[in-house]
Amino acid sequence: MDTLLPLDAQKDIEQMYSRKTVSKYLRNWVEATHAGLITKGAELVAEWMDGSYYESKMARIDQLRDMDIPELVTQILVNSAYYQREELFVSVTAQMAGILGFSDREDGIRTLAELLAVVCHTDAYDIDKDRQNRMWLRSNFVLPAELMEAATRTFYLPPMVCPPRTVTSNFDSGYLTEKSSMILGRGNHHDGELCLDVINIQNQIPLTLDFEFLQTVDEVPKFAWDEEADPNLDQQFNWNQFRKESVKVYALLSKFPEFFMTHRIDARGRMYAQGYHVSPQGASYKKAMIELANKEVVDGVPEQFRK
């Protein structure tokens with residue numbers, strides 16, 4: 001990575017960390033080695049959909065009737081394969097609900113939870129309950145070593161280390177190897193007019209990290225827990241995982257003189273930076289670490305603002 005030009009390095013970063021890329025390999029593996037589970041899962045879902053339920057549930061199931069059920073089951077199996085460690089069921093359903101594309105997020109989460117319970121009978125994963133009545137999901141897939149490494153390595157793509165591509169349509173991206181709707185939120189995409197020129201201007205602002213700040217100020221969670229009264233091991237694990245990933249991203253960006261944030265908008269036209277470990281719209285710590293790469297002396301500042 002140290003010897004690569006920014007453009008080549010960016011391609012490698014996207015190939016290495018993008019969940020979309022790894023999911024393609026996971027899908028190929030699942031289809032090649034567990035085709036029977038896809039068929040069984042599709043049969044279970046079809047049987048479940050043919051049942052008679054209360055009115056609101058039937059309305060949610062009706063939204064599934066035009067979908068490709070084997071494809072839906074395949075997506076469930078592929079996404080569940082990432083959970084090689086137990087994950088809270090409520091967290092899994094929230095993360096996976098987007099595959100349904102429901103306009104109502106709550107309906108999507110509820111329906112996805114029911115589908116997970118149905119497809120669980122394929123034994124592709126287990127759903128268990130602990131002493132506190134919390135439900136957990138864990139995959140039963142034994143992935144090949146290289147695929148396991150790739151799956152555990154993926155996380156939200158870091159900022160770009162080369163200037164983003166120019167966005168030219170409502171379905172595009174500043175990233176080099178993947179595209180998506182420029183409008184945040186399932187069901188919000190449209191081909192109407194967007195201020196793509198503003199997005200492109202914002203995408204081209206070179207930034208850098210304040211490494212003196214990162215080396216002297218420790219990052220702490222916004223929440224606190226009492227380890228004796230409520231150990232909340234899952235919350236601690238997620239926070240520690242987030243910190244490890246963040247440090248990895250800081251180290252990656254330190255190899256380049258500048259980086260760039262890509263942006264998307266929501267349904268109301270408000271712009272958001274695409275960042276998780278590094279973001280100018282994140283927590284106070286995240287905002288404080290970011291500086292403009294091209295620094296200039298500011299003249300004419302009123303006396304009262306110079307302190």
# chains A, B, ... in the order shown; residues from 1 in each chain; ligands from 1

call {"tool": "select_by_dssp", "arguments": {"residues": "segment 35-279 of chain A", "states": "strand (DSSP E or B)", "output": "number ranges by chain"}}
result
A: 87-88, 125-129, 135-139, 160, 171-172, 180-181, 183, 207-209, 259-260, 263-265, 271-273

call {"tool": "closest_atom_pairs", "arguments": {"of": "segment 61-139 of chain A", "to": "segment 33-37 of chain A", "cutoff": "12 Å", "atoms": "only C-alpha atoms", "output": "JSON lines"}}
result
{"residue": "A:Pro70", "atom": "CA", "partner": "A:Leu37", "partner_atom": "CA", "distance": 9.9}
{"residue": "A:Glu71", "atom": "CA", "partner": "A:Ala35", "partner_atom": "CA", "distance": 11.5}
{"residue": "A:Val73", "atom": "CA", "partner": "A:Leu37", "partner_atom": "CA", "distance": 8.8}
{"residue": "A:Thr74", "atom": "CA", "partner": "A:Leu37", "partner_atom": "CA", "distance": 8.8}
{"residue": "A:Ile76", "atom": "CA", "partner": "A:Leu37", "partner_atom": "CA", "distance": 11.1}
{"residue": "A:Leu77", "atom": "CA", "partner": "A:Leu37", "partner_atom": "CA", "distance": 8.6}
{"residue": "A:Val78", "atom": "CA", "partner": "A:His34", "partner_atom": "CA", "distance": 10.6}
{"residue": "A:Ala81", "atom": "CA", "partner": "A:His34", "partner_atom": "CA", "distance": 11.9}
{"residue": "A:Val119", "atom": "CA", "partner": "A:Leu37", "partner_atom": "CA", "distance": 9.0}
{"residue": "A:Cys120", "atom": "CA", "partner": "A:Leu37", "partner_atom": "CA", "distance": 10.3}
{"residue": "A:His121", "atom": "CA", "partner": "A:Leu37", "partner_atom": "CA", "distance": 9.6}
{"residue": "A:Thr122", "atom": "CA", "partner": "A:Leu37", "partner_atom": "CA", "distance": 5.9}
{"residue": "A:Asp123", "atom": "CA", "partner": "A:Leu37", "partner_atom": "CA", "distance": 8.4}
{"residue": "A:Ala124", "atom": "CA", "partner": "A:Leu37", "partner_atom": "CA", "distance": 7.5}
{"residue": "A:Tyr125", "atom": "CA", "partner": "A:Leu37", "partner_atom": "CA", "distance": 11.1}

call {"tool": "closest_residue", "arguments": {"among": "A:Gln202, A:Tyr82, A:Ser139, A:Phe211", "to": "Ile265 of chain A", "atoms": "only C-alpha atoms"}}
result
A:Gln202

call {"tool": "residues_around", "arguments": {"residues": "Ala151 of chain A", "least_positions_apart": "2", "cutoff": "8 Å", "atoms": "only C-alpha atoms", "output": "ChimeraX atom specification"}}
result
/A:19,22,82,147-149,153-154

call {"tool": "select_by_dssp", "arguments": {"residues": "segment 106-148 of chain A", "states": "alpha helix (DSSP H)", "output": "JSON, numbers by chain"}}
result
{"A": [106, 107, 108, 109, 110, 111, 112, 113, 114, 115, 116, 117, 118, 119, 145, 146, 147, 148]}
